[in-house]
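Visitor: Coordinates in target.json, JSON, C-alpha atoms, are listed below.
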[["chain", "number", "residue", "atom", "x", "y", "z"],
["V", 1, "ALA", "CA", 129.59, 49.27, 110.24],
["V", 2, "ALA", "CA", 129.91, 48.47, 106.53],
["V", 3, "MET", "CA", 129.77, 44.75, 107.29],
["V", 4, "ASP", "CA", 126.62, 45.33, 109.29],
["V", 5, "LEU", "CA", 125.07, 47.05, 106.28],
["V", 6, "PHE", "CA", 125.71, 44.07, 103.99],
["V", 7, "GLY", "CA", 124.53, 41.76, 106.72],
["V", 8, "ASP", "CA", 121.29, 43.71, 106.87],
["V", 9, "LEU", "CA", 120.83, 43.51, 103.11],
["V", 10, "ARG", "CA", 121.31, 39.76, 102.98],
["V", 11, "ARG", "CA", 118.97, 39.17, 105.88],
["V", 12, "MET", "CA", 116.14, 41.17, 104.33],
["V", 13, "ASN", "CA", 113.77, 38.82, 102.57],
["V", 14, "LYS", "CA", 111.72, 39.60, 99.51],
["V", 15, "ARG", "CA", 108.62, 40.60, 101.42],
["V", 16, "GLN", "CA", 110.49, 43.19, 103.42],
["V", 17, "LEU", "CA", 112.06, 44.56, 100.26],
["V", 18, "TYR", "CA", 108.70, 44.99, 98.56],
["V", 19, "TYR", "CA", 107.40, 46.65, 101.71],
["V", 20, "GLN", "CA", 110.24, 49.13, 101.74],
["V", 21, "VAL", "CA", 109.79, 49.87, 98.05],
["V", 22, "LEU", "CA", 106.07, 50.48, 98.55],
["V", 23, "ASN", "CA", 106.84, 52.77, 101.46],
["V", 24, "PHE", "CA", 109.18, 54.71, 99.25],
["V", 25, "ALA", "CA", 106.61, 54.90, 96.44],
["V", 26, "MET", "CA", 104.05, 56.25, 98.87],
["V", 27, "ILE", "CA", 106.39, 59.01, 99.98],
["V", 28, "VAL", "CA", 107.09, 60.00, 96.40],
["V", 29, "SER", "CA", 103.38, 59.97, 95.49],
["V", 30, "SER", "CA", 102.47, 62.11, 98.48],
["V", 31, "ALA", "CA", 105.13, 64.63, 97.57],
["V", 32, "LEU", "CA", 103.84, 64.78, 93.99],
["V", 33, "MET", "CA", 100.28, 65.22, 95.23],
["V", 34, "ILE", "CA", 101.29, 68.08, 97.48],
["V", 35, "TRP", "CA", 103.05, 69.75, 94.57],
["V", 36, "LYS", "CA", 100.06, 69.32, 92.25],
["V", 37, "GLY", "CA", 97.80, 70.61, 95.01],
["V", 38, "LEU", "CA", 99.95, 73.74, 95.29],
["V", 39, "ILE", "CA", 99.68, 74.29, 91.55],
["V", 40, "VAL", "CA", 95.88, 74.14, 91.80],
["V", 41, "VAL", "CA", 95.60, 76.33, 94.90],
["V", 42, "THR", "CA", 97.92, 79.08, 93.66],
["V", 43, "GLY", "CA", 96.86, 79.02, 90.02],
["V", 44, "SER", "CA", 100.48, 79.04, 88.97],
["V", 45, "GLU", "CA", 102.20, 76.34, 86.91],
["V", 46, "SER", "CA", 105.27, 76.79, 89.09],
["V", 47, "PRO", "CA", 104.30, 78.06, 92.54],
["V", 48, "ILE", "CA", 107.83, 77.86, 93.94],
["V", 49, "VAL", "CA", 110.78, 79.24, 91.98],
["V", 50, "VAL", "CA", 114.44, 79.74, 92.72],
["V", 51, "VAL", "CA", 116.03, 83.11, 91.95],
["V", 52, "LEU", "CA", 118.74, 82.48, 89.39],
["V", 53, "SER", "CA", 120.38, 85.87, 88.91],
["V", 54, "GLY", "CA", 121.37, 88.95, 90.83],
["V", 55, "SER", "CA", 119.16, 91.31, 88.84],
["V", 56, "MET", "CA", 116.85, 91.95, 91.79],
["V", 57, "GLU", "CA", 119.51, 92.61, 94.40],
["V", 58, "PRO", "CA", 119.61, 93.66, 97.15],
["V", 59, "ALA", "CA", 116.07, 92.34, 97.62],
["V", 60, "PHE", "CA", 116.66, 88.85, 96.21],
["V", 61, "HIS", "CA", 119.89, 86.97, 95.68],
["V", 62, "ARG", "CA", 120.74, 83.92, 93.63],
["V", 63, "GLY", "CA", 119.46, 80.93, 95.55],
["V", 64, "ASP", "CA", 116.52, 82.60, 97.27],
["V", 65, "LEU", "CA", 113.16, 80.85, 97.08],
["V", 66, "LEU", "CA", 110.02, 82.67, 95.93],
["V", 67, "PHE", "CA", 106.38, 81.69, 96.51],
["V", 68, "LEU", "CA", 104.02, 82.70, 93.72],
["V", 69, "THR", "CA", 100.31, 83.01, 93.07],
["V", 70, "ASN", "CA", 98.70, 83.55, 89.72],
["V", 71, "PHE", "CA", 95.02, 84.19, 90.32],
["V", 72, "HIS", "CA", 93.19, 85.00, 87.14],
["V", 73, "ASP", "CA", 91.42, 88.01, 88.59],
["V", 74, "ASP", "CA", 94.52, 89.58, 90.11],
["V", 75, "PRO", "CA", 95.31, 92.68, 88.08],
["V", 76, "ILE", "CA", 98.87, 93.45, 87.08],
["V", 77, "ARG", "CA", 99.96, 96.70, 88.68],
["V", 78, "ALA", "CA", 103.11, 98.82, 88.70],
["V", 79, "GLY", "CA", 105.49, 97.90, 91.51],
["V", 80, "GLU", "CA", 104.55, 94.23, 91.64],
["V", 81, "ILE", "CA", 107.21, 91.58, 91.36],
["V", 82, "VAL", "CA", 106.27, 89.12, 88.62],
["V", 83, "VAL", "CA", 107.86, 85.94, 87.35],
["V", 84, "PHE", "CA", 107.52, 85.60, 83.61],
["V", 85, "LYS", "CA", 108.82, 83.51, 80.74],
["V", 86, "VAL", "CA", 109.77, 84.97, 77.40],
["V", 87, "GLU", "CA", 107.97, 83.17, 74.59],
["V", 88, "GLY", "CA", 110.10, 80.31, 73.38],
["V", 89, "ARG", "CA", 112.41, 80.29, 76.38],
["V", 90, "ASP", "CA", 112.30, 78.06, 79.43],
["V", 91, "ILE", "CA", 113.95, 80.23, 82.01],
["V", 92, "PRO", "CA", 111.67, 82.14, 84.38],
["V", 93, "ILE", "CA", 112.70, 85.73, 85.08],
["V", 94, "VAL", "CA", 111.89, 87.56, 88.29],
["V", 95, "HIS", "CA", 111.55, 91.33, 87.80],
["V", 96, "ARG", "CA", 109.37, 94.28, 88.75],
["V", 97, "VAL", "CA", 106.54, 95.79, 86.71],
["V", 98, "ILE", "CA", 107.31, 99.42, 85.87],
["V", 99, "LYS", "CA", 104.71, 100.28, 83.23],
["V", 100, "VAL", "CA", 101.14, 99.10, 82.73],
["V", 101, "HIS", "CA", 98.66, 99.94, 79.97],
["V", 102, "GLU", "CA", 95.30, 98.28, 80.36],
["V", 103, "LYS", "CA", 92.35, 98.63, 78.00],
["V", 104, "GLY", "CA", 88.73, 98.68, 79.06],
["V", 105, "ASN", "CA", 88.22, 95.10, 77.88],
["V", 106, "GLY", "CA", 90.90, 93.81, 80.25],
["V", 107, "ASN", "CA", 93.65, 93.54, 77.63],
["V", 108, "ILE", "CA", 96.86, 94.34, 79.44],
["V", 109, "LYS", "CA", 100.41, 95.03, 78.33],
["V", 110, "PHE", "CA", 103.26, 95.77, 80.70],
["V", 111, "LEU", "CA", 106.98, 96.39, 80.92],
["V", 112, "THR", "CA", 109.39, 94.97, 83.49],
["V", 113, "LYS", "CA", 112.82, 95.81, 84.85],
["V", 114, "GLY", "CA", 115.17, 94.26, 87.35],
["V", 115, "ASP", "CA", 115.81, 96.49, 90.36],
["V", 116, "ASN", "CA", 119.53, 95.99, 89.93],
["V", 117, "ASN", "CA", 119.56, 96.58, 86.18],
["V", 118, "GLU", "CA", 120.20, 99.93, 84.53],
["V", 119, "VAL", "CA", 117.71, 99.40, 81.70],
["V", 120, "ASP", "CA", 114.31, 97.83, 81.30],
["V", 121, "ASP", "CA", 113.77, 94.30, 80.02],
["V", 122, "ARG", "CA", 113.02, 95.09, 76.37],
["V", 123, "GLY", "CA", 116.41, 93.57, 75.51],
["V", 124, "LEU", "CA", 115.30, 90.29, 77.09],
["V", 125, "TYR", "CA", 111.99, 90.01, 75.27],
["V", 126, "LYS", "CA", 111.54, 88.33, 71.92],
["V", 127, "GLU", "CA", 112.76, 90.08, 68.79],
["V", 128, "GLY", "CA", 110.33, 92.90, 68.08],
["V", 129, "GLN", "CA", 108.42, 92.36, 71.30],
["V", 130, "ASN", "CA", 108.03, 95.52, 73.36],
["V", 131, "TRP", "CA", 105.55, 94.44, 76.01],
["V", 132, "LEU", "CA", 104.62, 91.45, 78.10],
["V", 133, "GLU", "CA", 101.10, 90.10, 78.34],
["V", 134, "LYS", "CA", 99.18, 88.16, 80.96],
["V", 135, "LYS", "CA", 99.91, 84.89, 79.22],
["V", 136, "ASP", "CA", 103.64, 85.37, 79.79],
["V", 137, "VAL", "CA", 103.20, 85.55, 83.55],
["V", 138, "VAL", "CA", 104.03, 82.49, 85.65],
["V", 139, "GLY", "CA", 102.97, 84.21, 88.84],
["V", 140, "ARG", "CA", 103.30, 87.11, 91.25],
["V", 141, "ALA", "CA", 105.83, 86.92, 94.10],
["V", 142, "ARG", "CA", 103.94, 86.89, 97.39],
["V", 143, "GLY", "CA", 106.55, 85.62, 99.83],
["V", 144, "PHE", "CA", 110.16, 84.54, 99.98],
["V", 145, "LEU", "CA", 112.75, 82.55, 101.89],
["V", 146, "PRO", "CA", 116.45, 83.35, 101.56],
["V", 147, "TYR", "CA", 119.16, 80.79, 100.66],
["V", 148, "VAL", "CA", 116.86, 77.73, 100.66],
["V", 149, "GLY", "CA", 116.89, 77.41, 96.87],
["V", 150, "MET", "CA", 120.67, 77.08, 96.74],
["V", 151, "VAL", "CA", 120.28, 73.30, 96.90],
["V", 152, "THR", "CA", 118.67, 73.15, 93.45],
["V", 153, "ILE", "CA", 121.31, 75.46, 91.99],
["V", 154, "ILE", "CA", 124.10, 73.28, 93.37],
["V", 155, "MET", "CA", 122.41, 70.16, 92.01],
["V", 156, "ASN", "CA", 122.18, 71.80, 88.61],
["V", 157, "ASP", "CA", 125.75, 72.98, 88.51],
["V", 158, "TYR", "CA", 127.29, 69.88, 90.03],
["V", 159, "PRO", "CA", 125.41, 66.79, 88.77],
["V", 160, "LYS", "CA", 127.70, 64.49, 90.78],
["V", 161, "PHE", "CA", 126.26, 66.06, 93.91],
["V", 162, "LYS", "CA", 122.76, 65.29, 92.70],
["V", 163, "TYR", "CA", 123.58, 61.61, 92.08],
["V", 164, "ALA", "CA", 125.32, 61.31, 95.42],
["V", 165, "LEU", "CA", 122.30, 62.79, 97.16],
["V", 166, "LEU", "CA", 119.93, 60.42, 95.34],
["V", 167, "ALA", "CA", 122.12, 57.43, 96.21],
["V", 168, "VAL", "CA", 122.17, 58.37, 99.89],
["V", 169, "MET", "CA", 118.39, 58.89, 99.90],
["V", 170, "GLY", "CA", 117.82, 55.57, 98.13],
["V", 171, "ALA", "CA", 120.04, 53.68, 100.56],
["V", 172, "TYR", "CA", 118.38, 55.28, 103.56],
["V", 173, "VAL", "CA", 114.88, 54.43, 102.34],
["V", 174, "LEU", "CA", 115.68, 50.84, 101.43],
["V", 175, "LEU", "CA", 117.51, 50.07, 104.65],
["V", 176, "LYS", "CA", 115.36, 51.94, 107.12],
["V", 177, "ARG", "CA", 113.69, 49.67, 109.62],
["V", 178, "GLU", "CA", 110.38, 50.43, 111.22],
["V", 179, "SER", "CA", 110.61, 49.30, 114.83],
["O", 1, "LEU", "CA", 103.76, 113.14, 102.32],
["O", 2, "ARG", "CA", 103.87, 116.16, 100.01],
["O", 3, "LYS", "CA", 104.67, 116.51, 96.40],
["O", 4, "ASN", "CA", 104.88, 119.59, 94.23],
["O", 5, "VAL", "CA", 105.07, 119.13, 90.54],
["O", 6, "GLU", "CA", 105.79, 121.02, 87.38],
["O", 7, "ASP", "CA", 105.20, 119.26, 84.14],
["O", 8, "PHE", "CA", 104.90, 119.51, 80.42],
["O", 9, "THR", "CA", 104.73, 117.19, 77.43],
["O", 10, "GLY", "CA", 106.83, 116.98, 74.30],
["O", 11, "PRO", "CA", 105.81, 115.52, 70.96],
["O", 12, "ARG", "CA", 107.55, 112.26, 70.09],
["O", 13, "GLU", "CA", 106.34, 110.56, 66.95],
["O", 14, "ARG", "CA", 103.43, 108.42, 68.04],
["O", 15, "SER", "CA", 103.67, 108.65, 71.81],
["O", 16, "ASP", "CA", 103.46, 111.55, 74.18],
["O", 17, "LEU", "CA", 106.43, 112.00, 76.44],
["O", 18, "GLY", "CA", 105.78, 113.64, 79.75],
["O", 19, "PHE", "CA", 108.27, 115.55, 81.82],
["O", 20, "VAL", "CA", 107.66, 115.88, 85.50],
["O", 21, "THR", "CA", 109.72, 117.42, 88.25],
["O", 22, "PHE", "CA", 108.71, 116.86, 91.82],
["O", 23, "ASP", "CA", 109.55, 117.20, 95.47],
["O", 24, "ILE", "CA", 109.00, 114.42, 97.94],
["O", 25, "THR", "CA", 108.89, 114.83, 101.66],
["O", 26, "ALA", "CA", 108.27, 111.62, 103.52],
["O", 27, "ASP", "CA", 108.91, 110.40, 106.97],
["O", 28, "ILE", "CA", 108.82, 106.64, 106.69],
["O", 29, "LEU", "CA", 109.77, 105.99, 110.26],
["O", 30, "ASN", "CA", 107.06, 107.91, 112.05],
["O", 31, "GLY", "CA", 103.60, 108.76, 110.87],
["O", 32, "LYS", "CA", 100.93, 106.13, 110.71],
["O", 33, "ILE", "CA", 103.37, 103.43, 109.70],
["O", 34, "GLY", "CA", 105.00, 103.45, 113.12],
["O", 35, "SER", "CA", 108.21, 101.53, 113.08],
["O", 36, "ILE", "CA", 107.97, 99.90, 109.68],
["O", 37, "PHE", "CA", 111.62, 98.93, 109.85],
["O", 38, "ASP", "CA", 111.23, 96.09, 112.33],
["O", 39, "TRP", "CA", 113.59, 93.13, 112.79],
["O", 40, "ASN", "CA", 112.14, 91.31, 109.80],
["O", 41, "VAL", "CA", 112.35, 94.19, 107.29],
["O", 42, "LYS", "CA", 115.43, 94.04, 105.08],
["O", 43, "GLN", "CA", 114.59, 96.94, 102.81],
["O", 44, "LEU", "CA", 111.86, 99.08, 101.33],
["O", 45, "PHE", "CA", 111.58, 99.52, 97.59],
["O", 46, "LEU", "CA", 109.95, 102.93, 97.14],
["O", 47, "TYR", "CA", 108.50, 104.06, 93.87],
["O", 48, "LEU", "CA", 106.57, 107.02, 92.56],
["O", 49, "SER", "CA", 103.96, 106.02, 90.02],
["O", 50, "ALA", "CA", 101.71, 108.06, 87.78],
["O", 51, "GLU", "CA", 98.26, 106.66, 87.17],
["O", 52, "TYR", "CA", 95.85, 108.03, 84.57],
["O", 53, "SER", "CA", 93.42, 107.01, 81.87],
["O", 54, "THR", "CA", 93.37, 107.88, 78.23],
["O", 55, "LYS", "CA", 91.25, 107.35, 75.15],
["O", 56, "ASN", "CA", 93.47, 104.40, 74.18],
["O", 57, "ASN", "CA", 93.71, 102.71, 77.55],
["O", 58, "ALA", "CA", 91.36, 102.64, 80.49],
["O", 59, "LEU", "CA", 94.21, 102.38, 82.97],
["O", 60, "ASN", "CA", 97.83, 103.41, 82.68],
["O", 61, "GLN", "CA", 100.50, 103.19, 85.34],
["O", 62, "VAL", "CA", 104.04, 104.39, 84.83],
["O", 63, "VAL", "CA", 106.77, 104.27, 87.44],
["O", 64, "LEU", "CA", 108.61, 107.58, 87.30],
["O", 65, "TRP", "CA", 111.15, 107.11, 90.03],
["O", 66, "ASP", "CA", 112.28, 104.51, 92.51],
["O", 67, "LYS", "CA", 114.64, 104.17, 95.43],
["O", 68, "ILE", "CA", 115.87, 101.36, 97.59],
["O", 69, "MET", "CA", 115.92, 102.14, 101.28],
["O", 70, "LEU", "CA", 117.81, 99.60, 103.36],
["O", 71, "ARG", "CA", 117.24, 99.05, 107.05],
["O", 72, "GLY", "CA", 119.58, 101.51, 108.69],
["O", 73, "ASP", "CA", 119.35, 104.16, 105.98],
["O", 74, "ASN", "CA", 117.94, 107.54, 106.88],
["O", 75, "PRO", "CA", 114.18, 107.01, 106.93],
["O", 76, "ARG", "CA", 113.33, 110.61, 106.19],
["O", 77, "LEU", "CA", 113.08, 111.58, 102.55],
["O", 78, "SER", "CA", 113.45, 115.20, 101.63],
["O", 79, "LEU", "CA", 113.97, 115.34, 97.90],
["O", 80, "LYS", "CA", 113.58, 118.54, 95.97],
["O", 81, "ASP", "CA", 113.40, 119.22, 92.27],
["O", 82, "MET", "CA", 113.75, 115.61, 91.26],
["O", 83, "LYS", "CA", 113.44, 114.66, 87.63],
["O", 84, "SER", "CA", 111.76, 111.42, 86.73],
["O", 85, "LYS", "CA", 114.26, 108.57, 86.53],
["O", 86, "TYR", "CA", 112.47, 106.84, 83.69],
["O", 87, "PHE", "CA", 110.95, 108.15, 80.51],
["O", 88, "PHE", "CA", 107.29, 108.92, 80.98],
["O", 89, "PHE", "CA", 106.02, 107.64, 77.63],
["O", 90, "ASP", "CA", 102.33, 107.19, 77.08],
["O", 91, "ASP", "CA", 101.02, 104.44, 74.86],
["O", 92, "GLY", "CA", 99.64, 106.91, 72.38],
["O", 93, "ASN", "CA", 98.88, 110.60, 72.75],
["O", 94, "GLY", "CA", 97.00, 110.57, 76.01],
["O", 95, "LEU", "CA", 99.09, 113.00, 78.03],
["O", 96, "LYS", "CA", 98.38, 116.21, 76.18],
["O", 97, "GLY", "CA", 95.53, 117.98, 77.90],
["O", 98, "ASN", "CA", 95.03, 115.15, 80.35],
["O", 99, "ARG", "CA", 93.72, 116.82, 83.45],
["O", 100, "ASN", "CA", 93.97, 113.98, 85.85],
["O", 101, "ILE", "CA", 97.30, 112.26, 86.38],
["O", 102, "THR", "CA", 97.60, 110.96, 89.92],
["O", 103, "LEU", "CA", 101.06, 110.59, 91.42],
["O", 104, "THR", "CA", 101.31, 108.17, 94.31],
["O", 105, "LEU", "CA", 104.24, 107.05, 96.43],
["O", 106, "SER", "CA", 104.17, 103.34, 97.23],
["O", 107, "TRP", "CA", 106.60, 100.82, 98.62],
["O", 108, "ASN", "CA", 107.35, 97.14, 98.58],
["O", 109, "VAL", "CA", 108.36, 95.77, 101.96],
["O", 110, "VAL", "CA", 111.08, 93.16, 101.51],
["O", 111, "PRO", "CA", 111.39, 91.01, 104.65],
["O", 112, "ASN", "CA", 114.33, 88.87, 105.71],
["O", 113, "ALA", "CA", 111.91, 86.03, 105.17],
["O", 114, "GLY", "CA", 108.16, 85.94, 104.66],
["O", 115, "ILE", "CA", 105.42, 87.82, 102.88],
["O", 116, "LEU", "CA", 106.14, 90.59, 100.35],
["O", 117, "PRO", "CA", 103.48, 93.27, 100.80],
["O", 118, "LEU", "CA", 102.92, 96.25, 98.54],
["O", 119, "VAL", "CA", 101.82, 99.35, 100.42],
["O", 120, "THR", "CA", 100.40, 102.54, 98.93],
["O", 121, "GLY", "CA", 101.14, 105.79, 100.68],
["O", 122, "SER", "CA", 98.21, 107.86, 101.80],
["O", 123, "GLY", "CA", 99.20, 111.15, 100.19],
["O", 124, "HIS", "CA", 98.71, 111.47, 96.48],
["O", 125, "VAL", "CA", 98.81, 114.40, 94.13],
["O", 126, "SER", "CA", 96.74, 115.07, 91.07],
["O", 127, "VAL", "CA", 98.56, 116.68, 88.19],
["O", 128, "PRO", "CA", 97.13, 118.15, 85.00],
["O", 129, "PHE", "CA", 99.13, 118.24, 81.80],
["O", 130, "PRO", "CA", 98.81, 121.36, 79.64],
["O", 131, "ASP", "CA", 96.85, 121.36, 76.40],
["O", 132, "THR", "CA", 99.77, 122.09, 74.15],
["O", 133, "TYR", "CA", 103.09, 120.50, 73.51],
["O", 134, "GLU", "CA", 106.19, 122.18, 74.82],
["O", 135, "THR", "CA", 108.82, 122.37, 72.14],
["O", 136, "THR", "CA", 111.42, 124.53, 73.76],
["O", 137, "LYS", "CA", 112.03, 122.88, 77.13],
["O", 138, "SER", "CA", 113.61, 119.53, 77.77],
["O", 139, "TYR", "CA", 115.82, 117.82, 80.31]]
Please render this file's structure as structure tokens.
Guide:
Amino acid sequence: AAMDLFGDLRRMNKRQLYYQVLNFAMIVSSALMIWKGLIVVTGSESPIVVVLSGSMEPAFHRGDLLFLTNFHDDPIRAGEIVVFKVEGRDIPIVHRVIKVHEKGNGNIKFLTKGDNNEVDDRGLYKEGQNWLEKKDVVGRARGFLPYVGMVTIIMNDYPKFKYALLAVMGAYVLLKRES
Amino acid sequence: LRKNVEDFTGPRERSDLGFVTFDITADILNGKIGSIFDWNVKQLFLYLSAEYSTKNNALNQVVLWDKIMLRGDNPRLSLKDMKSKYFFFDDGNGLKGNRNITLTLSWNVVPNAGILPLVTGSGHVSVPFPDTYETTKSY
């Protein structure tokens, strides 16, 4: 079978190669467009996130996938599950809102806590920061799928796996024949 | 759904601290919810929240107590004389003399896969805080 593979490669002429590459580029562009479209439709900069820690167990486990929306007019209310980023840090945190204080002009400040944590998140916020604000919110969790996000965690923890996967995908795309 | 409450506030520097004890009787299985624990429900996250408004803030919500109820757990709640699990701090001094604090029981349905709805229970109780601070009691 390996000899057949090399045979295939040598037999492919330039035109076919360009065609395959264009095909591949189209797939990648479509995927990017779908992702950008999701960002627009949900209002969230990151509409799909992977749960990274066990702080919301037994509801969510590491590797679960969450679907978020971040509509501007959606108020933040106690009990909601929000994904937020602490100022200056990249990692999104998925926890529940336990306290809300909203002024008449719409100014809101709120406190979060992981279901599985003993204490609230004040220890996670920035030095001196006691509350989160709307600008810290990436989105509200609206739906979820278990386990599916494990793939990204594995790719992060084992880069060799990521390269192997990319190599296999690349080979498949370049050698695939349309009948 | 029934709740009985006894409450008082204590002075704490800049923010009022409220103390509430309550009873909760709830039958999650029957009632209008029917069989909420269907094949796609992994757990319910129940929480008791206090909602009120003050001079400082038009809307305040504080979760006083929560409980995780897994599919298979006893769906009937009969809790008496519960103390709030979390400190009921106001952002300011809005609890003293506040006549209208509404306690509501709500829950987050966590499915095995799918949408995560937040449901508010139909029964809610209005609680007034007294006009003076209580300096002798605490818990």
Visitor: Mind dumping a table of every chain O residue within 12 Å of chain V, with the nearest atom pair and its distance in Å to one decimal, using all atoms listed in the file, sorted by chain and rising number, as CSV?
Guide:
residue,atom,partner,partner_atom,distance
O:Asn40,CA,V:Leu145,CA,11.8
O:Val41,CA,V:Ala59,CA,10.5
O:Lys42,CA,V:Ala59,CA,7.7
O:Gln43,CA,V:Ala59,CA,7.1
O:Leu44,CA,V:Ala59,CA,8.8
O:Phe45,CA,V:Ala59,CA,8.5
O:Leu46,CA,V:Gly79,CA,8.8
O:Tyr47,CA,V:Gly79,CA,7.3
O:Leu48,CA,V:Gly79,CA,9.2
O:Ser49,CA,V:Ala78,CA,7.4
O:Ala50,CA,V:Ala78,CA,9.4
O:Glu51,CA,V:Val100,CA,9.2
O:Tyr52,CA,V:His101,CA,9.7
O:Ser53,CA,V:His101,CA,9.0
O:Thr54,CA,V:Lys103,CA,9.3
O:Lys55,CA,V:Lys103,CA,9.2
O:Asn56,CA,V:Lys103,CA,7.0
O:Asn57,CA,V:Lys103,CA,4.3
O:Ala58,CA,V:Lys103,CA,4.8
O:Leu59,CA,V:Glu102,CA,5.0
O:Asn60,CA,V:His101,CA,4.5
O:Gln61,CA,V:Val100,CA,4.9
O:Val62,CA,V:Lys99,CA,4.5
O:Val63,CA,V:Ile98,CA,5.1
O:Leu64,CA,V:Ile98,CA,8.4
O:Trp65,CA,V:Ile98,CA,9.5
O:Asp66,CA,V:Asp115,CA,9.0
O:Lys67,CA,V:Asp115,CA,9.3
O:Ile68,CA,V:Pro58,CA,8.6
O:Met69,CA,V:Pro58,CA,10.1
O:Leu70,CA,V:Pro58,CA,8.8
O:Arg71,CA,V:Pro58,CA,11.5
O:Lys85,CA,V:Glu118,CA,10.7
O:Tyr86,CA,V:Ile98,CA,9.3
O:Phe87,CA,V:Lys99,CA,10.4
O:Phe88,CA,V:Lys99,CA,9.3
O:Phe89,CA,V:Lys99,CA,9.3
O:Asp90,CA,V:His101,CA,8.6
O:Asp91,CA,V:His101,CA,7.2
O:Gly92,CA,V:His101,CA,10.4
O:Gly94,CA,V:His101,CA,11.5
O:Thr104,CA,V:Ala78,CA,11.1
O:Leu105,CA,V:Gly79,CA,10.5
O:Ser106,CA,V:Gly79,CA,8.0
O:Trp107,CA,V:Gly79,CA,7.8
O:Asn108,CA,V:Gly79,CA,7.3
O:Val109,CA,V:Ala59,CA,9.5
O:Val110,CA,V:Ala59,CA,6.4
O:Pro111,CA,V:Phe144,CA,8.1
O:Asn112,CA,V:Pro146,CA,7.2
O:Ala113,CA,V:Leu145,CA,4.9
O:Gly114,CA,V:Gly143,CA,5.1
O:Ile115,CA,V:Gly143,CA,3.9
O:Leu116,CA,V:Gly143,CA,5.0
O:Pro117,CA,V:Arg142,CA,7.2
O:Leu118,CA,V:Glu80,CA,7.4
O:Val119,CA,V:Gly79,CA,9.7
O:Thr120,CA,V:Gly79,CA,10.1
Visitor: Kindly indicate which residue among V:Val138, V:Leu32, V:Ala25, V:Asn13 lies nearest to Asp90 (chain V), using all atoms listed in the file for the distances.
Guide: V:Val138
Visitor: Enter the distance from CA of Asp81 (chain O) to CA of Gly121 (chain O), in Å, rounded to one decimal.
Guide: 20.0 Å
Visitor: Could you tell me how far CA of Asp136 (chain V) sits from CA of Lys85 (chain V), in Å to one decimal place?
Guide: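 Separating CA of Lys85 (chain V) from CA of Asp136 (chain V) is a distance of 5.6 Å.
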Visitor: Rounded to one decimal, what separation in Å do you get between CA of Ile48 (chain V) and CA of Ala31 (chain V)?
Guide: 14.0 Å
